[in-house]
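Quick notes on the structure that follows.
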Amino acid sequence: MSSETPMDVESPHVENTHTELLKTNIDAEKKKAEGNTFYTNKQYKEAIECYTEAIDISPTCAAYYGNRAAAYMMLNRYKEALSDIRESLKIDKSFVKGYLREGKCQLALGEAQAATCSFKKVLDLDPDNASAKTDIAIANGVMKFEDMAEEDMQKGDYRKAVFCMDQCLQKCPACIKFKLKKAEALGLLGRYQEAQEIANDILQREDSMNSDALYVRGLCLYYEDMVDKAFQHFQQVLRLAPDHGKAKEIYKKAKALKAKKEEGNTEFRLGNVQKAHDLYTEALEIDPLNKFTNSKLYFNRATVSSKLNRMDDAISDCSNAIELDDTYIKAYLRRAKCYMDTEQYEEAVRDYEKIFKTDKSREHKRLLQEAKLELKKSKRKDYYKILGVNKSASMEEIKKAYRKRALIHHPDRHSHDTPDKQKEEERKFKEVGEAYGVLSDTRKKDRYDSGADLDDLEGPGGFDHVDPNVIFQTFFGGGGGGGFPGGFPGGFSFQFG
């Protein structure tokens with residue numbers, strides 16, 4: 001029997017364990033080296049596969065997690081990178097690169113305050129680490145821009161808020177919060193497509209149930225006047241996040257606006273135009289940012305104002321509607337009609353030209369031609385205005401008006417006035433006779449009303465050559481004083497120079 005005890009002999013099991021451990025480490029390092037080669041060649045997916053195999057072989061090596069985290073970071077997969085980094089720091093609490101990468105991931109995800117804490121841990125372990133010092137300054141800048149953006153949103157300076165978010169996103173490219181803050185500001189600026197693209201990207205790539213992304217999409221739908229779809233989005237947001245303050249506020253506002261607009265429409269249909277006007281005015285105060293709905297409200301109120309014969313108000317409201325939506329053909333048509341009714345023909349032609357350029361329909365062509373004709377007619381003397389009658393005046397009313405004005409402006413009545421006054425009255429007397437000469441002749445009046453070239457009717461000179469004395473004598477009779485003061489209308493022979 002041997003005197004050696006088991007304690008004196010090296011256990012074969014221990015020898016085998018050491019050998020296996022050595023082989024394991026060699027295999028893991030080999031995979032790590034392969035991963036490093038792929039990483040250097042910017043083949044990050046392949047590098048991740050190698051580092052994953054190394055971790056599977058040796059799951060307690062902090063460096064393997066750190067390397068895989070670095071590869072994830074190059075692919076902008078910061079959440080996965082952060083998970084690996086934290087695993088590495090559990091294994092090695094003095095892993096400087098781990099804390100540095102943790103801070104960079106947190107910063108990329110928009111967690112600037114947490115990133116600052118990680119960078120400070122780096123400096124605790126390595127006080128001269130230049131990268132950590134630089135990154136702390138960057139994180140502080142991000143927090144500053146974030147605070148500024150919040151203030152800008154409160155003040156309604158959405159353009160500046162977009163700028164601040166862009167500055168943050170340059171340093172925090174994976175921050176969903178900053179992306180959605182920018183999207184909200186874009187939506188409030190009326191840049192709906194850009195806002196929806198950001199929200200849709202997050203819902204499709206990041207989180208299909210993100211309540212803030214759904215809120216932004218609902219906000220854009222609401223401002224694009226797709227109210228029912230917007231309501232569905234707001235309801236979904238509040239199911240996911242019952243305390244979502246912004247969704248609650250905008251949903252309440254949207255419902256109030258829709259109700260007030262419909263109430264105004266109902267009153268208008270019932271013929272209560274002033275009540276409808278008041279309701280549209282109230283609706284316009286609910287949400288100044290809703291351009292499309294407010295454009296329609298301005299148009300509706302313009303329609304009411306035209307019914308109330310408040311043409312200036314109607315024109316103003318149409319202009320407001322067009323300012324909010326420059327493609328609103330109905331508003332252009334309403335404004336052009338008001339311009340026609342108030343004899344602002346140049347403005348009417350301008351609106352009808354824009355309308356016809358947009359929609360070359362037969363009706364729009366007709367309206368444009370009519371406006372051009374009225375503009376042409378307005379360039380001539382307005383015989384109706386000269387006589388002080390409207391265009392629908394009867395022949396009896398035209399005669400009565402001529403009698404009154406001819407007597408007012410007759411030169412004999414102004415024989416004792418100053419030369420300038422006499423000259424002015426002579427001109428008016430001549431115009432009154434010219435106007436009566438046209439409007440009292442059915443054929444001439446028809447051509448005048450239709451806008452035909454009146455000069456063609458009588459040859460060169462048109463009606464300007466009409467002798468007002470002849471018209472006056474014909475109208476009043478050629479003899480006797482007829483009871484008129486000063487001996488006229490008969491017996492005078494006043495001649496124009």
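Identifiers in this document derive from the order of the structure tokens: chains are assigned A, B, ..., residues are numbered from 1 separately in each chain, and ligands are numbered from 1 in order of occurrence.
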Residues within 8 Å of range 95-109 of chain A, please, as a VMD selection string. Count only C-alpha atoms; anything in the same chain fewer than 6 positions from it doesn't count. chain A and resid 62 66 69 to 70 73 78 to 79 81 to 82 85 to 86 88 to 89 115 to 119 121 to 122 125 to 126 132 135 139 171 to 176
As a ChimeraX atom specification, please: every residue in range 91-240 of chain A that DSSP puts in alpha helix (DSSP H). /A:91,96-108,112-125,130-155,158-171,176-188,192-205,211-223,227-240
Excluding Asn300 in chain A and residues on its chain fewer than 4 positions from it, collect all residues at most 8 Å away from it, counting only C-alpha atoms, and give them as a short mmCIF file (atom, residue, chain, number, x, y, z; two decimals) with N, CA, C and O atoms, in the first residue's frame.
data_model
loop_
_atom_site.label_atom_id
_atom_site.label_comp_id
_atom_site.auth_asym_id
_atom_site.auth_seq_id
_atom_site.Cartn_x
_atom_site.Cartn_y
_atom_site.Cartn_z
N TYR A 280 -70.59 82.01 -36.33
CA TYR A 280 -69.33 81.85 -37.06
C TYR A 280 -68.23 82.68 -36.41
O TYR A 280 -67.07 82.25 -36.35
N LYS A 296 -62.88 78.15 -43.96
CA LYS A 296 -64.29 77.88 -44.28
C LYS A 296 -65.22 78.76 -43.45
O LYS A 296 -66.26 79.22 -43.94
N VAL A 304 -72.80 85.20 -45.31
CA VAL A 304 -73.82 85.84 -44.48
C VAL A 304 -73.77 87.36 -44.65
O VAL A 304 -74.80 88.01 -44.82
#
Please report the interatomic distance between CA of Thr418 in chain A and CA of Gly437 in chain A in Å with one decimal. 28.4 Å
Would you work out the distance separating CA of Tyr339 in chain A from CA of Tyr448 in chain A, expressed in Å to one decimal?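 Separation between CA of Tyr339 in chain A and CA of Tyr448 in chain A: 21.3 Å.
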Contact residues around range 218-222 of chain A with only C-alpha atoms at 12 Å, ignoring same-chain residues under 4 positions, as a ChimeraX atom specification: /A:180,183-200,211-214,226-238,246-255,257-258,287,289-294
Find the spatial neighbours of Ala33 in chain A, counting only C-alpha atoms, within a cut-off of 12 Å - ignore same-chain residues fewer than 3 positions away - and output them as a ChimeraX atom specification. /A:26-30,36-40,47-48,50-51,53-54,63-64,67
Which residue gives the smallest distance to Pro411 in chain A among A:Thr342, A:Thr281, A:Glu397, A:Glu426, with only C-alpha atoms counted?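 Result for the nearest residue to Pro411 in chain A: A:Glu426.
Comparing A:Ala283, A:Cys61, A:Ala241, A:Ala149 by their smallest distance to Val162 in chain A, the closest is A:Ala149 (using only C-alpha atoms).
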